[in-house]
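K.L.:
So here's structure_35.cif, just mmCIF, C-alpha atoms and all ligand atoms:
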```
data_protein
loop_
_atom_site.label_atom_id
_atom_site.label_comp_id
_atom_site.auth_asym_id
_atom_site.auth_seq_id
_atom_site.Cartn_x
_atom_site.Cartn_y
_atom_site.Cartn_z
CA MET A 1300 107.69 128.52 124.05
CA VAL A 1301 109.16 126.75 121.05
CA ASN A 1302 108.54 128.57 117.79
CA ARG A 1303 107.77 125.90 115.23
CA ARG A 1304 107.50 126.83 111.59
CA GLY A 1305 104.81 124.53 110.30
CA VAL A 1306 103.31 121.08 110.43
CA ILE A 1307 104.60 117.92 108.82
CA ALA A 1308 101.77 115.45 108.34
CA PHE A 1309 102.69 111.83 107.63
CA ASP A 1310 100.84 108.98 106.03
CA MET A 1311 101.72 105.83 108.03
CA ASP A 1312 101.99 102.79 105.76
CA GLY A 1313 104.92 102.95 103.39
CA VAL A 1314 106.03 106.26 104.93
CA LEU A 1315 106.56 105.82 108.69
CA VAL A 1316 106.23 102.04 108.60
CA GLU A 1317 107.46 99.45 106.10
CA VAL A 1318 104.41 97.26 105.48
CA GLY A 1319 105.44 94.98 102.60
CA ASP A 1320 105.60 92.00 104.99
CA SER A 1321 102.56 93.06 107.03
CA TYR A 1322 99.60 94.77 105.30
CA ARG A 1323 100.51 93.81 101.76
CA GLU A 1324 101.38 90.25 102.77
CA THR A 1325 98.02 90.08 104.59
CA ILE A 1326 96.22 91.03 101.36
CA ILE A 1327 98.10 88.22 99.56
CA GLN A 1328 97.25 85.65 102.25
CA THR A 1329 93.60 86.77 102.47
CA VAL A 1330 93.20 86.40 98.71
CA ARG A 1331 94.90 83.00 98.84
CA HIS A 1332 92.62 81.85 101.69
CA PHE A 1333 89.45 82.43 99.68
CA SER A 1334 90.63 81.80 96.12
CA GLY A 1335 93.66 79.51 96.32
CA ALA A 1336 95.48 81.98 94.05
CA THR A 1337 98.75 83.66 95.00
CA ILE A 1338 98.95 87.21 93.67
CA THR A 1339 102.14 89.27 93.46
CA ARG A 1340 102.94 92.46 95.38
CA ASP A 1341 103.27 94.15 92.02
CA ARG A 1342 99.64 93.34 91.26
CA ILE A 1343 98.62 95.06 94.51
CA GLN A 1344 100.64 98.10 93.47
CA VAL A 1345 98.74 98.29 90.17
CA TYR A 1346 95.50 98.70 92.15
CA LYS A 1347 97.10 101.24 94.49
CA ASN A 1348 98.27 103.27 91.46
CA GLU A 1349 94.72 103.28 90.08
CA GLY A 1350 93.69 105.25 93.16
CA GLY A 1351 90.66 104.67 95.36
CA TRP A 1352 92.06 101.50 96.99
CA ASN A 1353 93.32 102.91 100.25
CA ASN A 1354 91.14 100.48 102.28
CA ASP A 1355 92.97 97.13 102.25
CA TRP A 1356 89.81 95.20 103.22
CA ALA A 1357 87.93 96.62 100.25
CA LEU A 1358 90.96 96.02 98.05
CA SER A 1359 91.20 92.36 99.13
CA GLN A 1360 87.50 91.90 98.30
CA LYS A 1361 87.99 93.64 94.92
CA ILE A 1362 90.96 91.42 93.98
CA LEU A 1363 88.91 88.34 94.91
CA ARG A 1364 86.03 89.61 92.80
CA ASP A 1365 88.40 90.16 89.86
CA LEU A 1366 89.51 86.53 90.35
CA GLY A 1367 85.85 85.47 90.10
CA VAL A 1368 85.41 84.82 93.83
CA GLU A 1369 82.63 86.72 95.61
CA VAL A 1370 83.14 87.03 99.39
CA PRO A 1371 81.00 89.19 101.72
CA TYR A 1372 82.85 92.26 102.99
CA GLU A 1373 82.55 91.34 106.69
CA THR A 1374 83.93 87.86 105.96
CA VAL A 1375 86.94 89.40 104.21
CA VAL A 1376 87.47 91.80 107.12
CA ASP A 1377 87.37 88.97 109.69
CA GLN A 1378 89.87 86.82 107.80
CA PHE A 1379 92.18 89.77 107.10
CA ASN A 1380 92.16 90.82 110.77
CA GLN A 1381 92.83 87.26 111.96
CA LEU A 1382 95.93 87.14 109.77
CA PHE A 1383 97.00 90.71 110.52
CA LEU A 1384 96.34 90.96 114.25
CA GLY A 1385 96.89 87.28 115.11
CA GLU A 1386 94.66 85.03 117.18
CA ASN A 1387 94.85 82.51 120.03
CA GLY A 1388 98.22 83.85 121.11
CA ASN A 1389 99.73 83.52 117.63
CA PRO A 1390 101.41 86.72 116.48
CA GLY A 1391 99.83 88.37 113.45
CA LEU A 1392 101.61 89.76 110.43
CA ILE A 1393 101.45 93.21 112.05
CA THR A 1394 104.51 92.14 114.07
CA ARG A 1395 106.52 92.10 110.82
CA GLU A 1396 106.30 95.85 110.47
CA ARG A 1397 109.51 97.87 110.47
CA TRP A 1398 109.80 101.48 111.66
CA ILE A 1399 111.51 103.52 108.96
CA ALA A 1400 112.72 106.65 110.78
CA GLN A 1401 116.30 106.34 111.95
CA PRO A 1402 116.98 107.19 115.61
CA GLY A 1403 116.92 110.95 116.15
CA LEU A 1404 115.07 111.91 112.95
CA LEU A 1405 111.66 112.53 114.52
CA GLU A 1406 113.22 114.26 117.53
CA ARG A 1407 115.11 116.69 115.25
CA LEU A 1408 111.99 117.32 113.15
CA ALA A 1409 109.82 117.80 116.24
CA ALA A 1410 112.19 120.53 117.45
CA ARG A 1411 111.40 122.56 114.32
CA PHE A 1412 107.89 121.46 113.27
CA HIS A 1413 104.65 120.10 114.65
CA LEU A 1414 104.24 116.47 113.57
CA ALA A 1415 100.88 114.93 112.67
CA ILE A 1416 99.48 111.78 111.04
CA PHE A 1417 96.72 111.26 108.48
CA THR A 1418 96.31 107.55 107.82
CA GLY A 1419 93.72 105.19 106.39
CA ARG A 1420 94.24 102.95 109.43
CA LEU A 1421 91.69 102.74 112.19
CA ARG A 1422 92.89 104.32 115.43
CA TYR A 1423 93.46 101.00 117.21
CA GLU A 1424 95.65 99.77 114.34
CA ALA A 1425 97.66 102.98 114.41
CA ASP A 1426 98.04 102.78 118.19
CA VAL A 1427 99.48 99.25 118.13
CA THR A 1428 102.31 100.44 115.90
CA LEU A 1429 102.88 103.80 117.58
CA LYS A 1430 103.09 102.22 121.03
CA ARG A 1431 105.69 99.81 119.70
CA PHE A 1432 107.89 102.28 117.84
CA ALA A 1433 107.06 105.88 118.81
CA ASP A 1434 106.55 106.08 122.55
CA PRO A 1435 106.35 108.88 123.69
CA CYS A 1436 104.29 109.76 120.66
CA PRO A 1437 105.39 112.97 118.88
CA PHE A 1438 102.32 113.17 116.60
CA ASP A 1439 99.35 115.46 117.25
CA PRO A 1440 96.76 115.22 115.89
CA ILE A 1441 96.55 111.62 114.66
CA ILE A 1442 93.73 111.49 112.13
CA CYS A 1443 92.57 107.95 111.31
CA SER A 1444 89.82 106.59 109.10
CA ASP A 1445 87.45 106.42 112.07
CA HIS A 1446 87.83 110.20 112.53
CA VAL A 1447 86.71 111.21 109.04
CA VAL A 1448 83.55 110.72 107.03
CA ASN A 1449 85.41 110.82 103.72
CA PRO A 1450 88.56 108.73 103.29
CA LYS A 1451 91.51 109.69 101.06
CA PRO A 1452 91.75 111.02 98.41
CA HIS A 1453 89.25 113.39 100.07
CA PRO A 1454 91.09 116.18 101.93
CA GLU A 1455 88.94 115.99 105.09
CA GLY A 1456 91.70 114.52 107.26
CA LEU A 1457 94.26 117.07 106.13
CA ARG A 1458 91.78 119.87 106.73
CA ALA A 1459 91.39 118.62 110.31
CA ILE A 1460 95.17 118.89 110.72
CA GLN A 1461 95.13 122.41 109.26
CA ALA A 1462 92.35 123.34 111.68
CA ALA A 1463 94.34 121.97 114.63
CA HIS A 1464 97.32 124.19 113.71
CA ARG A 1465 95.53 127.15 112.22
CA GLY A 1466 97.65 129.64 110.30
CA GLN A 1467 100.66 127.32 109.99
CA PRO A 1468 101.92 125.84 106.74
CA VAL A 1469 101.34 122.09 106.40
CA TRP A 1470 103.22 119.54 104.29
CA TYR A 1471 101.91 116.04 103.62
CA LEU A 1472 104.12 113.01 103.04
CA GLY A 1473 102.63 109.98 101.37
CA ASP A 1474 103.47 107.00 99.18
CA THR A 1475 100.36 106.63 97.01
CA VAL A 1476 98.52 108.69 94.43
CA ASP A 1477 95.54 108.97 96.80
CA ASP A 1478 97.82 110.71 99.32
CA ALA A 1479 98.96 113.15 96.63
CA ARG A 1480 95.37 113.84 95.51
CA SER A 1481 94.28 114.40 99.09
CA ALA A 1482 97.04 116.99 99.56
CA ARG A 1483 96.27 118.70 96.27
CA ALA A 1484 92.57 118.91 97.18
CA ALA A 1485 93.54 120.47 100.54
CA ARG A 1486 95.93 122.85 98.70
CA ILE A 1487 98.91 121.78 100.73
CA PRO A 1488 102.31 120.82 99.33
CA PHE A 1489 102.87 117.09 98.87
CA ILE A 1490 106.16 115.27 99.30
CA GLY A 1491 106.11 111.86 97.64
CA VAL A 1492 107.94 108.86 99.06
CA VAL A 1493 108.96 106.06 96.70
CA ALA A 1494 111.71 103.57 97.44
CA PRO A 1495 114.49 102.93 94.90
CA ASP A 1496 113.51 99.22 94.73
CA HIS A 1497 109.77 99.95 94.29
CA SER A 1498 108.36 97.70 91.56
CA ARG A 1499 106.58 100.63 89.86
CA ARG A 1500 108.91 103.47 90.81
CA ALA A 1501 108.79 105.32 87.46
CA GLU A 1502 105.01 105.08 87.27
CA VAL A 1503 104.53 106.28 90.86
CA MET A 1504 106.95 109.18 90.29
CA ARG A 1505 105.02 110.20 87.18
CA LEU A 1506 101.74 110.12 89.14
CA PHE A 1507 103.29 112.25 91.91
CA GLU A 1508 104.55 114.75 89.33
CA GLN A 1509 101.09 114.92 87.73
CA GLU A 1510 99.68 115.73 91.18
CA ARG A 1511 102.33 118.49 91.55
CA ALA A 1512 104.48 116.95 94.26
CA VAL A 1513 106.96 119.58 95.52
CA ALA A 1514 109.57 116.89 96.18
CA ILE A 1515 110.03 113.14 95.82
CA ILE A 1516 112.30 111.27 98.23
CA ASP A 1517 113.42 107.64 98.64
CA ASP A 1518 112.36 107.50 102.29
CA ILE A 1519 111.65 109.82 105.20
CA ASN A 1520 115.26 109.80 106.32
CA GLN A 1521 115.89 112.16 103.37
CA LEU A 1522 113.13 114.51 104.46
CA GLU A 1523 115.29 117.17 106.13
CA ARG A 1524 116.91 117.92 102.76
CA ALA A 1525 113.50 118.57 101.17
CA LEU A 1526 112.26 121.01 103.83
CA PRO A 1527 112.89 124.77 104.14
MG MG B 1601 100.67 104.66 102.52
#
```
In structure tokens, how does this file's structure come out?
Ligand SMILES: [Mg+2]
P.N.:
Amino acid sequence: MVNRRGVIAFDMDGVLVEVGDSYRETIIQTVRHFSGATITRDRIQVYKNEGGWNNDWALSQKILRDLGVEVPYETVVDQFNQLFLGENGNPGLITRERWIAQPGLLERLAARFHLAIFTGRLRYEADVTLKRFADPCPFDPIICSDHVVNPKPHPEGLRAIQAAHRGQPVWYLGDTVDDARSARAARIPFIGVVAPDHSRRAEVMRLFEQERAVAIIDDINQLERALP
């Protein structure tokens, strides 16, 4: 039996998967569809830094509301999903995702640690990406928003991962302040991920430090240096 010395839990978007051209671009196109306005990625990041905007459907609706355009939630969800998942054989923006881990990284980590996921995605959205990039899947458990009552920054998802690997130390890797708050509430060490070209790098780093991040790295390919 392999003796693993803990659990590394990953957020997906911005940590395992580069989503600037997929999720964040879908927010921009959804907002443009209903309002005619083109918002910047930096504006999205301002909302993400506020905290509480982990759900990109709710965030799209909120941005529209702030632009003076009221759209029912289900209508926003339908438009967002059409753009993101594609329709009538047209590929959606989800196909623009890029897997961040370099070949071998997850295999080396999995030899020393259990790997898990806690994401705000629904399970079917997570599965599309994992089937494409991480098959066979090294993550267990995979906790999605349909598995918890309380989304991030609530620690429920991280507690489920702790319960699945009882008695083992857990680390959580995330790219937003809600990830950091979720980890802090679960009393597990948080490793922040923020890219060197991030439009609000200094602000995000300050937020991570306020939430007592134990390390901050540019991307997950630096993770092995931050672990014991
Ligand atoms: Mg994220």
K.L.:
Given all atoms listed in the file as the basis, pick out the residue of A:Asn1354, A:Gln1360, A:Asn1389, A:Thr1374 nearest to ligand MG 1601 (chain B).
P.N.:
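Checking each candidate against ligand MG 1601 (chain B), we get A:Asn1354 as the closest.
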K.L.:
May I have the protein, DNA and RNA residues with an atom at most 12 Å from (88.6, 85.9, 107.7), counting only C-alpha atoms in the file's coordinates, returned as a PyMOL selection string?
P.N.:
chain A and resi 1325-1326+1328-1333+1356+1359-1360+1370-1386
K.L.:
Residues at most 7 Å from ligand MG 1601 (chain B), using all atoms listed in the file? Could they come as a PyMOL selection string?
P.N.:
chain A and resi 1310-1314+1473-1475
K.L.:
Leaving out stretch 1485-1494 of chain A and any residue of its chain fewer than 6 positions from it, which residues lie within 9 Å of it when counting all atoms listed in the file, given as JSON, numbers by chain?
P.N.:
{"A": [1313, 1314, 1453, 1454, 1455, 1457, 1458, 1468, 1469, 1470, 1471, 1472, 1473, 1474, 1475, 1476, 1478, 1479, 1500, 1503, 1504, 1507, 1508, 1510, 1511, 1512, 1513, 1514, 1515, 1516, 1517, 1518, 1519, 1522, 1525]}
K.L.:
Rank A:Asn1302, A:Ser1498, A:Thr1428, A:Gln1401 by their smallest atom-to-atom distance to A:Arg1340, using all atoms listed in the file, and report the top residue only.
P.N.:
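Of A:Asn1302, A:Ser1498, A:Thr1428, A:Gln1401, the one nearest A:Arg1340 is A:Ser1498, counting all atoms listed in the file.
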K.L.:
Can you take the partial stretch 1363-1389 of chain A, add N, CA, C and O atoms, and return it as a short mmCIF file (atom, residue, chain, number, x, y, z; two decimals), in the frame of the given file?
P.N.:
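Dumped everything to selection_14.cif:
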```cif
data_model
loop_
_atom_site.label_atom_id
_atom_site.label_comp_id
_atom_site.auth_asym_id
_atom_site.auth_seq_id
_atom_site.Cartn_x
_atom_site.Cartn_y
_atom_site.Cartn_z
N LEU A 1363 89.64 89.62 94.95
CA LEU A 1363 88.91 88.34 94.91
C LEU A 1363 87.82 88.37 93.85
O LEU A 1363 87.65 87.42 93.08
N ARG A 1364 87.10 89.49 93.80
CA ARG A 1364 86.03 89.61 92.80
C ARG A 1364 86.61 89.52 91.39
O ARG A 1364 86.07 88.86 90.52
N ASP A 1365 87.76 90.19 91.18
CA ASP A 1365 88.40 90.16 89.86
C ASP A 1365 88.91 88.75 89.52
O ASP A 1365 89.14 88.44 88.35
N LEU A 1366 89.11 87.93 90.57
CA LEU A 1366 89.51 86.53 90.35
C LEU A 1366 88.28 85.63 90.20
O LEU A 1366 88.40 84.41 90.08
N GLY A 1367 87.09 86.24 90.27
CA GLY A 1367 85.85 85.47 90.10
C GLY A 1367 85.33 84.87 91.40
O GLY A 1367 84.48 83.99 91.37
N VAL A 1368 85.85 85.36 92.54
CA VAL A 1368 85.41 84.82 93.83
C VAL A 1368 84.69 85.92 94.61
O VAL A 1368 85.29 86.95 94.95
N GLU A 1369 83.43 85.72 94.89
CA GLU A 1369 82.63 86.72 95.61
C GLU A 1369 82.61 86.37 97.09
O GLU A 1369 82.17 85.28 97.47
N VAL A 1370 83.11 87.27 97.94
CA VAL A 1370 83.14 87.03 99.39
C VAL A 1370 82.52 88.25 100.07
O VAL A 1370 82.88 89.39 99.74
N PRO A 1371 81.59 88.04 101.02
CA PRO A 1371 81.00 89.19 101.72
C PRO A 1371 82.08 90.03 102.41
O PRO A 1371 83.06 89.48 102.94
N TYR A 1372 81.86 91.33 102.43
CA TYR A 1372 82.85 92.26 102.99
C TYR A 1372 83.23 91.89 104.42
O TYR A 1372 84.43 91.81 104.75
N GLU A 1373 82.24 91.64 105.29
CA GLU A 1373 82.55 91.34 106.69
C GLU A 1373 83.38 90.07 106.83
O GLU A 1373 84.21 89.96 107.74
N THR A 1374 83.16 89.11 105.93
CA THR A 1374 83.93 87.86 105.96
C THR A 1374 85.39 88.14 105.58
O THR A 1374 86.32 87.59 106.19
N VAL A 1375 85.58 89.01 104.60
CA VAL A 1375 86.94 89.40 104.21
C VAL A 1375 87.63 90.11 105.37
O VAL A 1375 88.78 89.81 105.72
N VAL A 1376 86.90 91.03 106.01
CA VAL A 1376 87.47 91.80 107.12
C VAL A 1376 87.91 90.86 108.24
O VAL A 1376 89.01 90.98 108.78
N ASP A 1377 87.05 89.90 108.59
CA ASP A 1377 87.37 88.97 109.69
C ASP A 1377 88.62 88.15 109.39
O ASP A 1377 89.49 87.99 110.24
N GLN A 1378 88.71 87.64 108.16
CA GLN A 1378 89.87 86.82 107.80
C GLN A 1378 91.14 87.68 107.78
O GLN A 1378 92.19 87.27 108.28
N PHE A 1379 91.03 88.85 107.18
CA PHE A 1379 92.18 89.77 107.10
C PHE A 1379 92.68 90.08 108.52
O PHE A 1379 93.88 90.00 108.80
N ASN A 1380 91.75 90.42 109.42
CA ASN A 1380 92.16 90.82 110.77
C ASN A 1380 92.77 89.66 111.55
O ASN A 1380 93.69 89.85 112.34
N GLN A 1381 92.25 88.44 111.32
CA GLN A 1381 92.83 87.26 111.96
C GLN A 1381 94.30 87.11 111.56
O GLN A 1381 95.16 86.86 112.39
N LEU A 1382 94.56 87.27 110.27
CA LEU A 1382 95.93 87.14 109.77
C LEU A 1382 96.79 88.32 110.25
O LEU A 1382 97.94 88.14 110.64
N PHE A 1383 96.21 89.50 110.24
CA PHE A 1383 97.00 90.71 110.52
C PHE A 1383 97.26 90.88 112.01
O PHE A 1383 98.39 91.17 112.42
N LEU A 1384 96.21 90.70 112.81
CA LEU A 1384 96.34 90.96 114.25
C LEU A 1384 96.73 89.71 115.03
O LEU A 1384 97.17 89.81 116.18
N GLY A 1385 96.59 88.53 114.41
CA GLY A 1385 96.89 87.28 115.11
C GLY A 1385 95.70 86.81 115.91
O GLY A 1385 94.72 87.54 116.10
N GLU A 1386 95.75 85.57 116.35
CA GLU A 1386 94.66 85.03 117.18
C GLU A 1386 95.19 83.89 118.03
O GLU A 1386 96.18 83.25 117.69
N ASN A 1387 94.50 83.61 119.13
CA ASN A 1387 94.85 82.51 120.03
C ASN A 1387 96.33 82.55 120.43
O ASN A 1387 97.00 81.52 120.46
N GLY A 1388 96.83 83.73 120.68
CA GLY A 1388 98.22 83.85 121.11
C GLY A 1388 99.24 83.78 119.99
O GLY A 1388 100.43 83.95 120.23
N ASN A 1389 98.78 83.51 118.75
CA ASN A 1389 99.73 83.52 117.63
C ASN A 1389 99.93 84.95 117.15
O ASN A 1389 98.96 85.68 116.98
#
```
